[in-house]
>>> print(open('run-v5.cif').read())   # mmCIF, C-alpha atoms
data_input
#
loop_
_atom_site.label_atom_id
_atom_site.label_comp_id
_atom_site.auth_asym_id
_atom_site.auth_seq_id
_atom_site.Cartn_x
_atom_site.Cartn_y
_atom_site.Cartn_z
CA MET A 3 0.00 0.00 0.00
CA LYS A 4 1.23 3.47 -0.83
CA ALA A 5 2.15 5.51 2.22
CA ARG A 6 -0.28 8.25 1.23
CA HIS A 7 -3.19 5.81 1.39
CA ASN A 8 -2.22 4.10 4.62
CA PRO A 9 -5.07 4.69 7.10
CA PHE A 10 -2.53 4.68 9.94
CA ALA A 11 -0.26 7.37 8.43
CA ALA A 12 1.07 9.84 10.99
CA ASP A 13 -0.98 12.79 9.75
CA ARG A 14 -4.19 10.77 10.11
CA VAL A 15 -3.23 9.52 13.56
CA GLU A 16 -2.57 13.12 14.60
CA THR A 17 -6.19 13.99 13.88
CA ILE A 18 -7.22 11.71 16.76
CA ARG A 19 -7.29 13.80 19.90
CA TYR A 20 -7.11 12.69 23.53
CA ARG A 21 -10.01 10.54 24.74
CA PRO A 22 -10.26 10.58 28.54
CA VAL A 23 -11.23 7.22 30.01
CA GLY A 24 -13.63 7.73 32.93
CA ALA A 25 -13.39 11.53 32.77
CA THR A 26 -14.32 14.42 30.52
CA PHE A 27 -12.08 17.01 28.92
CA ALA A 28 -14.11 19.80 30.56
CA GLY A 29 -13.64 18.10 33.93
CA ILE A 30 -9.88 17.88 33.39
CA LEU A 31 -9.72 21.59 32.54
CA ALA A 32 -11.77 22.56 35.57
CA ARG A 33 -9.48 20.51 37.78
CA LEU A 34 -6.42 22.11 36.18
CA GLU A 35 -7.81 25.54 36.95
CA ARG A 36 -8.43 24.55 40.59
CA MET A 37 -4.84 23.31 40.74
CA ASN A 38 -3.70 26.77 39.65
CA TYR A 39 -2.12 25.33 36.49
CA ARG A 40 0.49 23.38 38.47
CA ALA A 41 -0.05 19.78 37.57
CA ALA A 42 1.29 16.56 36.07
CA ILE A 43 -0.22 14.43 33.34
CA VAL A 44 0.91 10.95 34.30
CA GLY A 45 0.91 7.74 32.31
CA PRO A 46 2.91 5.11 30.45
CA GLN A 47 4.25 5.53 26.91
CA GLY A 48 1.63 5.71 24.21
CA ALA A 49 -1.20 6.56 26.60
CA GLY A 50 -1.88 10.03 25.14
CA LYS A 51 -0.01 12.33 27.53
CA THR A 52 1.51 14.47 24.79
CA THR A 53 -1.78 14.59 22.92
CA LEU A 54 -3.59 15.75 26.06
CA LEU A 55 -0.90 18.37 26.72
CA GLU A 56 -1.35 19.68 23.16
CA ASP A 57 -5.12 19.78 23.61
CA ILE A 58 -4.77 21.66 26.89
CA GLN A 59 -2.33 24.12 25.29
CA ARG A 60 -4.80 24.81 22.50
CA VAL A 61 -7.62 25.52 24.96
CA LEU A 62 -5.47 27.74 27.19
CA GLU A 63 -4.39 29.81 24.19
CA ARG A 64 -7.98 30.07 23.02
CA ARG A 65 -8.76 31.49 26.46
CA GLY A 66 -6.09 34.14 25.95
CA LEU A 67 -3.45 32.57 28.20
CA ARG A 68 0.17 32.52 27.06
CA THR A 69 1.93 29.18 26.95
CA ARG A 70 5.49 28.03 26.32
CA LYS A 71 6.07 24.40 25.45
CA VAL A 72 9.33 22.60 26.10
CA PHE A 73 9.80 19.15 24.62
CA ILE A 74 12.48 16.98 26.18
CA ASN A 75 13.73 13.57 25.08
CA ASP A 76 17.04 11.85 24.38
CA SER A 77 17.60 13.68 21.11
CA SER A 78 16.33 16.97 22.48
CA PRO A 79 17.75 17.23 26.02
CA LEU A 80 17.28 20.16 28.35
CA ASP A 81 20.94 21.13 28.32
CA ARG A 82 22.46 24.20 29.95
CA PRO A 83 22.06 26.59 26.96
CA THR A 84 18.42 25.51 26.54
CA ARG A 85 17.75 25.98 30.27
CA ARG A 86 19.36 29.41 30.26
CA GLN A 87 17.36 30.44 27.23
CA LEU A 88 14.15 29.17 28.82
CA MET A 89 14.71 31.00 32.10
CA SER A 90 15.79 34.24 30.43
CA GLN A 91 12.72 34.31 28.20
CA LEU A 92 10.15 33.35 30.81
CA ARG A 93 7.30 35.77 31.36
CA SER A 94 5.20 36.07 34.48
CA ASP A 95 1.97 35.57 32.51
CA GLU A 96 3.13 32.36 30.83
CA ILE A 97 2.18 28.79 31.59
CA VAL A 98 5.11 26.47 30.91
CA LEU A 99 4.33 23.06 29.44
CA VAL A 100 7.11 20.50 29.81
CA ASP A 101 6.62 17.37 27.74
CA GLY A 102 8.90 14.62 29.07
CA ALA A 103 9.78 15.86 32.55
CA ASP A 104 11.18 12.38 33.40
CA ALA A 105 14.24 13.25 31.34
CA ILE A 106 15.24 15.92 33.85
CA GLY A 107 17.36 14.62 36.76
CA PRO A 108 15.94 14.97 40.30
CA ALA A 109 18.28 17.78 41.44
CA MET A 110 17.85 19.78 38.27
CA TRP A 111 14.10 19.21 38.41
CA THR A 112 13.87 20.64 41.94
CA LEU A 113 15.80 23.74 40.89
CA LEU A 114 13.92 24.22 37.65
CA LYS A 115 10.50 23.64 39.19
CA HIS A 116 11.02 26.30 41.86
CA ARG A 117 12.38 28.82 39.37
CA ILE A 118 9.58 28.27 36.89
CA LEU A 119 6.88 28.38 39.56
CA ARG A 120 8.39 31.60 40.91
CA GLN A 121 8.68 33.28 37.52
CA ALA A 122 5.76 31.92 35.49
CA ALA A 123 2.01 31.62 35.86
CA GLY A 124 1.94 27.85 35.81
CA LEU A 125 3.73 24.59 35.07
CA ILE A 126 2.13 21.54 33.49
CA ILE A 127 4.23 18.48 32.81
CA THR A 128 3.94 15.00 31.34
CA THR A 129 5.66 12.24 33.22
CA HIS A 130 5.61 8.46 33.45
CA ARG A 131 5.48 8.36 37.23
CA PRO A 132 3.61 10.50 39.75
CA GLY A 133 5.36 12.68 42.31
CA ARG A 134 6.93 15.62 40.49
CA LEU A 135 3.80 17.76 40.65
CA PRO A 136 0.28 16.99 41.86
CA THR A 137 -1.36 14.58 39.41
CA LEU A 138 -3.96 16.12 37.12
CA ILE A 139 -4.85 12.85 35.42
CA ASP A 140 -3.48 9.35 35.20
CA CYS A 141 -3.74 8.51 31.50
CA VAL A 142 -4.95 4.99 30.93
CA THR A 143 -5.86 3.04 27.82
CA THR A 144 -8.17 0.11 27.21
CA PRO A 145 -8.65 -2.32 24.31
CA GLY A 146 -11.98 -0.58 23.76
CA LEU A 147 -10.26 2.77 23.34
CA LEU A 148 -7.90 1.26 20.79
CA GLY A 149 -10.94 -0.12 18.97
CA VAL A 150 -12.63 3.27 18.84
CA ILE A 151 -9.49 4.93 17.47
CA VAL A 152 -8.83 2.22 14.90
CA THR A 153 -12.44 2.29 13.71
CA GLU A 154 -12.19 6.03 13.25
CA LEU A 155 -9.02 5.72 11.18
CA LEU A 156 -10.20 2.89 8.97
CA PRO A 157 -12.13 3.31 5.75
CA LYS A 158 -15.85 3.20 6.44
CA GLU A 159 -16.45 -0.26 5.03
CA HIS A 160 -13.80 -1.91 7.20
CA ASP A 161 -13.91 -3.05 10.76
CA ILE A 162 -11.65 -4.68 13.28
CA GLU A 163 -12.00 -8.11 14.80
CA GLY A 164 -12.06 -7.92 18.59
CA PRO A 165 -9.54 -10.73 19.23
CA THR A 166 -7.04 -9.20 16.77
CA LEU A 167 -7.33 -5.90 18.55
CA ASP A 168 -6.98 -7.47 21.99
CA ARG A 169 -3.86 -9.37 20.92
CA LEU A 170 -2.33 -6.21 19.55
CA TYR A 171 -3.22 -4.22 22.66
CA HIS A 172 -1.65 -6.78 24.99
CA ARG A 173 1.41 -7.29 22.82
CA TYR A 174 2.20 -3.59 23.20
CA GLN A 175 1.07 -3.46 26.84
CA GLY A 176 -1.54 -0.81 26.17
CA ASN A 177 0.77 1.48 24.15
CA ILE A 178 -1.73 2.77 21.60
CA ARG A 179 0.92 4.61 19.59
CA ASN A 180 2.84 1.37 19.02
CA CYS A 181 -0.36 -0.51 18.16
CA LEU A 182 -1.11 2.05 15.45
CA ARG A 183 2.46 1.82 14.12
CA GLU A 184 2.11 -1.94 13.89
CA LEU A 185 -1.13 -1.51 11.97
CA TYR A 186 0.64 0.96 9.66
CA ASP A 187 3.31 -1.65 8.92
CA LEU A 188 0.72 -4.35 8.33
CA CYS A 189 -1.09 -2.19 5.80
CA ALA A 190 2.18 -0.97 4.24
CA SER A 191 3.37 -4.52 3.64
CA ASP A 192 0.67 -5.13 1.08
CA SER A 193 0.57 -3.77 -2.45
CA SER A 194 -3.20 -3.27 -2.54
CA ASP A 195 -4.30 0.32 -2.42
CA VAL A 196 -7.38 0.42 -0.28
CA GLY A 197 -6.58 3.42 1.82
CA SER A 198 -8.94 6.01 3.15
CA ASP A 199 -8.91 9.68 2.48
CA HIS A 200 -11.98 10.34 4.60
CA LEU A 201 -10.11 11.64 7.61
CA ALA A 202 -7.22 13.29 5.90
CA ASP A 203 -6.90 17.01 6.27
CA ASP A 204 -4.30 17.73 3.64
CA SER A 205 -4.83 21.47 3.43
CA LEU A 206 -1.69 23.57 3.63
CA SER A 207 -3.20 25.64 6.45
CA SER A 208 -3.81 22.54 8.56
CA MET A 209 -0.22 21.41 7.94
CA ARG A 210 1.03 24.79 9.09
CA ARG A 211 -1.11 24.47 12.23
CA LEU A 212 0.34 21.05 12.99
CA ARG A 213 3.90 22.27 12.51
CA ARG A 214 3.48 25.16 14.95
CA MET B 1 -24.93 32.32 -2.44
CA ASP B 2 -22.25 29.72 -1.84
CA ASN B 3 -18.63 30.67 -1.50
CA LYS B 4 -16.72 29.17 -4.37
CA LEU B 5 -13.02 28.99 -5.07
CA SER B 6 -11.58 27.01 -7.96
CA ILE B 7 -8.28 26.24 -9.65
CA HIS B 8 -8.20 25.49 -13.37
CA PHE B 9 -5.18 24.17 -15.24
CA ARG B 10 -4.39 25.17 -18.81
CA GLU B 11 -5.55 22.33 -21.07
CA ASP B 12 -6.44 20.42 -17.88
CA LYS B 13 -2.80 19.45 -17.61
CA LYS B 14 -1.98 18.23 -14.13
CA THR B 15 1.16 16.22 -14.85
CA PHE B 16 4.44 18.03 -15.24
CA ALA B 17 8.14 17.36 -15.63
CA PRO B 18 10.47 18.95 -13.07
CA GLY B 19 11.36 22.49 -14.14
CA GLN B 20 8.24 22.88 -16.26
CA ALA B 21 5.80 25.74 -15.85
CA VAL B 22 2.36 25.20 -14.34
CA HIS B 23 -0.16 27.50 -16.02
CA GLY B 24 -3.77 28.07 -15.15
CA ALA B 25 -6.30 30.39 -13.60
CA ILE B 26 -8.05 30.79 -10.28
CA GLN B 27 -11.69 31.82 -9.96
CA TRP B 28 -13.62 33.02 -6.96
CA SER B 29 -17.21 33.88 -6.14
CA LEU B 30 -17.63 34.89 -2.50
CA GLU B 31 -20.27 36.37 -0.23
CA THR B 32 -17.77 38.78 1.29
CA GLN B 33 -14.94 40.89 -0.04
CA PRO B 34 -11.81 39.30 1.41
CA HIS B 35 -8.56 41.16 2.02
CA SER B 36 -6.68 38.68 -0.13
CA LEU B 37 -6.57 35.31 -1.80
CA GLU B 38 -3.47 33.16 -1.75
CA LEU B 39 -2.48 30.44 -4.19
CA SER B 40 0.37 28.23 -3.02
CA LEU B 41 2.40 25.64 -4.88
CA PHE B 42 3.75 23.13 -2.39
CA TRP B 43 4.69 19.53 -1.70
CA TYR B 44 4.16 17.51 1.43
CA THR B 45 4.92 14.09 2.76
CA ALA B 46 2.48 11.51 4.08
CA GLY B 47 3.33 8.24 5.75
CA LYS B 48 4.73 6.74 8.90
CA GLY B 49 6.89 9.68 9.96
CA THR B 50 6.23 13.29 10.80
CA ARG B 51 4.81 15.29 7.94
CA ASP B 52 7.14 17.60 6.05
CA VAL B 53 5.96 20.48 3.90
CA GLY B 54 7.76 22.66 1.36
CA VAL B 55 6.08 25.75 -0.04
CA VAL B 56 7.68 26.47 -3.42
CA ASP B 57 5.84 29.59 -4.57
CA THR B 58 2.88 31.74 -3.64
CA LEU B 59 0.67 34.11 -5.57
CA THR B 60 -1.28 36.67 -3.53
CA VAL B 61 -4.24 38.58 -4.90
CA ASP B 62 -4.88 41.65 -2.75
CA ARG B 63 -8.42 43.02 -2.52
CA PRO B 64 -9.78 40.55 -5.04
CA GLY B 65 -13.42 41.66 -4.67
CA SER B 66 -16.21 39.18 -4.22
CA PHE B 67 -15.77 37.54 -7.61
CA GLY B 68 -13.23 37.37 -10.38
CA SER B 69 -10.43 35.35 -11.89
CA LYS B 70 -6.69 35.60 -12.33
CA ASP B 71 -4.13 33.69 -14.38
CA PHE B 72 -1.19 32.10 -12.65
CA SER B 73 2.11 30.62 -13.72
CA PHE B 74 4.60 28.81 -11.49
CA THR B 75 7.86 27.22 -12.49
CA LEU B 76 8.45 23.89 -10.82
CA PRO B 77 11.79 23.15 -9.20
CA ALA B 78 13.96 20.14 -10.06
CA GLY B 79 12.40 18.09 -7.27
CA PRO B 80 11.28 16.32 -5.26
CA PHE B 81 9.39 14.04 -7.62
CA SER B 82 5.89 12.81 -6.84
CA PHE B 83 6.45 9.37 -5.44
CA SER B 84 5.12 6.74 -3.11
CA GLY B 85 6.80 4.03 -1.13
CA ARG B 86 5.66 2.04 1.85
CA LEU B 87 7.04 4.51 4.37
CA VAL B 88 6.51 7.84 2.69
CA SER B 89 4.76 9.54 -0.21
CA VAL B 90 5.60 12.94 -1.65
CA ILE B 91 2.53 14.74 -2.93
CA TRP B 92 2.47 17.99 -4.91
CA ALA B 93 -0.52 20.32 -4.83
CA LEU B 94 -1.82 23.82 -5.42
CA GLU B 95 -4.03 25.32 -2.76
CA LEU B 96 -6.16 28.43 -2.96
CA THR B 97 -7.18 30.02 0.34
CA CYS B 98 -9.22 33.04 1.28
CA SER B 99 -8.03 35.42 4.00
CA GLU B 100 -11.46 35.34 5.62
CA GLY B 101 -13.52 32.27 6.23
CA LYS B 102 -12.42 28.73 5.85
CA GLU B 103 -12.76 28.39 2.11
CA THR B 104 -9.95 26.37 0.66
CA VAL B 105 -9.59 24.43 -2.54
CA ARG B 106 -6.76 22.10 -3.32
CA GLU B 107 -5.71 20.39 -6.54
CA GLU B 108 -3.07 17.71 -6.66
CA ILE B 109 -0.55 17.59 -9.47
CA VAL B 110 2.12 15.09 -10.46
CA VAL B 111 5.73 16.21 -10.81
CA SER B 112 7.74 13.46 -12.41
CA PRO B 113 10.12 12.94 -15.33
CA THR B 114 8.14 9.82 -16.29
CA GLY B 115 4.75 11.53 -16.36
CA ARG B 116 3.50 9.32 -13.52
CA GLU B 117 3.94 9.20 -9.79
CA ILE B 118 7.04 7.14 -9.12
CA VAL B 119 6.13 4.12 -7.02
CA LEU B 120 9.12 2.78 -5.14
CA GLY B 121 9.45 -0.98 -5.01
CA ASP B 122 6.69 -1.36 -7.57
CA GLU B 123 8.13 -4.54 -9.09
CA THR B 124 8.85 -6.30 -5.82
CA TRP B 125 5.33 -5.68 -4.64
CA THR B 126 3.91 -7.72 -7.45
CA GLU B 127 5.93 -10.80 -6.47
CA ASP B 128 4.97 -13.14 -3.67
CA ARG B 129 2.58 -10.65 -2.21
CA PRO B 130 -0.39 -11.87 -0.21
CA ARG B 131 -3.64 -11.86 -2.14
CA GLY B 132 -6.71 -9.85 -1.29
CA ASN B 133 -7.42 -6.72 0.57
CA PRO B 134 -4.89 -6.28 3.41
CA LEU B 135 -7.32 -4.54 5.71
CA GLU B 136 -9.85 -7.31 5.28
CA ARG B 137 -7.19 -9.91 5.93
CA ILE B 138 -5.84 -8.13 9.00
CA LEU B 139 -8.94 -6.58 10.40
CA GLY B 140 -12.01 -8.12 8.82
CA ARG B 141 -14.86 -6.43 7.02
CA ARG B 142 -17.87 -4.67 8.44
CA SER B 143 -21.07 -6.50 7.75
#
>>> encode(input="run-v5.cif", output="structure tokens")
Amino acid sequence: MKARHNPFAADRVETIRYRPVGATFAGILARLERMNYRAAIVGPQGAGKTTLLEDIQRVLERRGLRTRKVFINDSSPLDRPTRRQLMSQLRSDEIVLVDGADAIGPAMWTLLKHRILRQAAGLIITTHRPGRLPTLIDCVTTPGLLGVIVTELLPKEHDIEGPTLDRLYHRYQGNIRNCLRELYDLCASDSSDVGSDHLADDSLSSMRRLRR
Amino acid sequence: MDNKLSIHFREDKKTFAPGQAVHGAIQWSLETQPHSLELSLFWYTAGKGTRDVGVVDTLTVDRPGSFGSKDFSFTLPAGPFSFSGRLVSVIWALELTCSEGKETVREEIVVSPTGREIVLGDETWTEDRPRGNPLERILGRRS
């Protein structure tokens, strides 16, 4: 299958926003407000933490609040120049969003947390384990959630078999991102071209939005 | 009245060699009088990885009024070619947007020295490949 027709292509997957299990997005936002925008989104890999952080950022900006997002991982570490730049540019009306706070060592985290909370209007992080800030939400996935997402990505006339989905979900220990990547590879490995365009938003303006 | 934007290619030609010129005209019929219209020639990727986008050229029509038309001409660069593999596709398109409202129209074109989208691994795919619809095989079919 051509990459452009793969129903599990990255741009299609990105159209799927965070689906709270046992909560509502409005409820999460209300709780965040009560927590004075000092909170952690906790959960394992592929549970939707980054997606939820992006969704929260979008809503905060729509409400006229300033945000600054910092993404940290192995290839994008929070090294000294980056830290200095962050602290020198911080504004008192900004809410700082740190995606991947686990990558910051404990001592550096303590220092950074206090400085950000002193200088900025809020700090929201994603982390695999609780404890760095009060937990806003513990992101969880279920086989049912995977099913809903897969059904949304698939062409209308196709469906998923429950056992296949369950096997996939358990193989990747609930990591939805990896399940979708596996499904991408399965579709890519075939030469048939049965992809769906029904969810694709290929407009240049939407691409620019995604890249921001 | 419906808002209408359209892109028309000279002689309906939508397949081009790298370096060739893309000629055509845009037409608009809108309820409002927008500040501007923008026609962009760009390519983008789709596939397993993060999407990449390259805007090659843009034509802006300031104060276009509520209806009208304008010719355009873009010269294509040497690449990338329109192609598809298993991991990534490169797709070329023209997109016309209106400064107000959400009206957008997009037309795909093919940029290739062969006159067709280049499909990577085309030959190997035809050998020893599983038969049937992969999604049906993997996922089943809705009744």
>>> resolve_selection(input="run-v5.cif", expression="the PyMOL selection byres ((chain A and resi 44) around 12)", output="VMD selection string")
chain A and resid 41 to 43 45 to 52 54 to 55 101 to 104 126 to 142
>>> residues_around(input="run-v5.cif", residues="Pro80 (chain B)", least_positions_apart="2", cutoff="8 Å", atoms="all atoms listed in the file", output="list in words")
Pro77, Ala78, Ser82, Val90 and Val111 of chain B
>>> resolve_selection(input="run-v5.cif", expression="the PyMOL selection byres ((chain B and resi 65) around 9)", output="ChimeraX atom specification")
/B:28-30,32-36,62-64,66-68
>>> closest_residue(input="run-v5.cif", among="A:Ile162, A:Leu170, A:Leu92, A:Ala109", to="chain B", atoms="only C-alpha atoms")
A:Ile162
>>> atom_distance(input="run-v5.cif", atom1="CA of Thr84 (chain A)", atom2="CA of Gln59 (chain A)")
20.8 Å
>>> resolve_selection(input="run-v5.cif", expression="the PyMOL selection byres ((chain A and resi 11-16) around 9)", output="MDAnalysis selection string")
(chainID A and resid 5:10 17:19 53 151 155 179 182:183 186 201:204 209 212) or (chainID B and resid 46:51 87:88)
>>> atom_distance(input="run-v5.cif", atom1="CA of Phe74 (chain B)", atom2="CA of Leu41 (chain B)")
7.7 Å
>>> closest_residue(input="run-v5.cif", among="A:Asn180, A:Val150, A:Lys4, A:Arg65", to="chain B", atoms="all atoms listed in the file")
A:Lys4
>>> atom_distance(input="run-v5.cif", atom1="CA of Pro113 (chain B)", atom2="CA of Ala93 (chain B)")
16.7 Å
>>> closest_residue(input="run-v5.cif", among="B:Glu117, B:Glu38, B:Asp12, B:Glu107", to="Gly24 (chain B)", atoms="all atoms listed in the file")
B:Asp12
>>> residues_around(input="run-v5.cif", residues="Leu5 (chain B)", least_positions_apart="5", cutoff="9 Å", atoms="only C-alpha atoms", output="ChimeraX atom specification")
/B:26-30,96-98,103-105
>>> closest_residue(input="run-v5.cif", among="A:Leu62, A:Glu163, A:Val100, A:Lys158", to="Leu31 (chain A)", atoms="all atoms listed in the file")
A:Leu62
>>> closest_residue(input="run-v5.cif", among="B:Asp52, B:Asp57, B:Asp71, B:Glu31", to="chain A", atoms="all atoms listed in the file")
B:Asp52
>>> residues_near_point(input="run-v5.cif", point="(-3.2, 17.1, -10.2)", cutoff="12 Å", atoms="all atoms listed in the file", output="ChimeraX atom specification")
/B:7-10,12-16,22,41,43,82,91-95,106-112,115-117
>>> write_last_selection(input="run-v5.cif", atoms="C-alpha atoms", output="PDB file, in the frame of the given file")
ATOM      1  CA  ILE B   7      -8.280  26.240  -9.650  1.00  0.00           C
ATOM      2  CA  HIS B   8      -8.200  25.490 -13.370  1.00  0.00           C
ATOM      3  CA  PHE B   9      -5.180  24.170 -15.240  1.00  0.00           C
ATOM      4  CA  ARG B  10      -4.390  25.170 -18.810  1.00  0.00           C
ATOM      5  CA  ASP B  12      -6.440  20.420 -17.880  1.00  0.00           C
ATOM      6  CA  LYS B  13      -2.800  19.450 -17.610  1.00  0.00           C
ATOM      7  CA  LYS B  14      -1.980  18.230 -14.130  1.00  0.00           C
ATOM      8  CA  THR B  15       1.160  16.220 -14.850  1.00  0.00           C
ATOM      9  CA  PHE B  16       4.440  18.030 -15.240  1.00  0.00           C
ATOM     10  CA  VAL B  22       2.360  25.200 -14.340  1.00  0.00           C
ATOM     11  CA  LEU B  41       2.400  25.640  -4.880  1.00  0.00           C
ATOM     12  CA  TRP B  43       4.690  19.530  -1.700  1.00  0.00           C
ATOM     13  CA  SER B  82       5.890  12.810  -6.840  1.00  0.00           C
ATOM     14  CA  ILE B  91       2.530  14.740  -2.930  1.00  0.00           C
ATOM     15  CA  TRP B  92       2.470  17.990  -4.910  1.00  0.00           C
ATOM     16  CA  ALA B  93      -0.520  20.320  -4.830  1.00  0.00           C
ATOM     17  CA  LEU B  94      -1.820  23.820  -5.420  1.00  0.00           C
ATOM     18  CA  GLU B  95      -4.030  25.320  -2.760  1.00  0.00           C
ATOM     19  CA  ARG B 106      -6.760  22.100  -3.320  1.00  0.00           C
ATOM     20  CA  GLU B 107      -5.710  20.390  -6.540  1.00  0.00           C
ATOM     21  CA  GLU B 108      -3.070  17.710  -6.660  1.00  0.00           C
ATOM     22  CA  ILE B 109      -0.550  17.590  -9.470  1.00  0.00           C
ATOM     23  CA  VAL B 110       2.120  15.090 -10.460  1.00  0.00           C
ATOM     24  CA  VAL B 111       5.730  16.210 -10.810  1.00  0.00           C
ATOM     25  CA  SER B 112       7.740  13.460 -12.410  1.00  0.00           C
ATOM     26  CA  GLY B 115       4.750  11.530 -16.360  1.00  0.00           C
ATOM     27  CA  ARG B 116       3.500   9.320 -13.520  1.00  0.00           C
ATOM     28  CA  GLU B 117       3.940   9.200  -9.790  1.00  0.00           C
TER      29      GLU B 117
END
>>> closest_residue(input="run-v5.cif", among="B:His23, B:Arg86, B:Lys4, B:Lys102", to="chain A", atoms="only C-alpha atoms")
B:Arg86
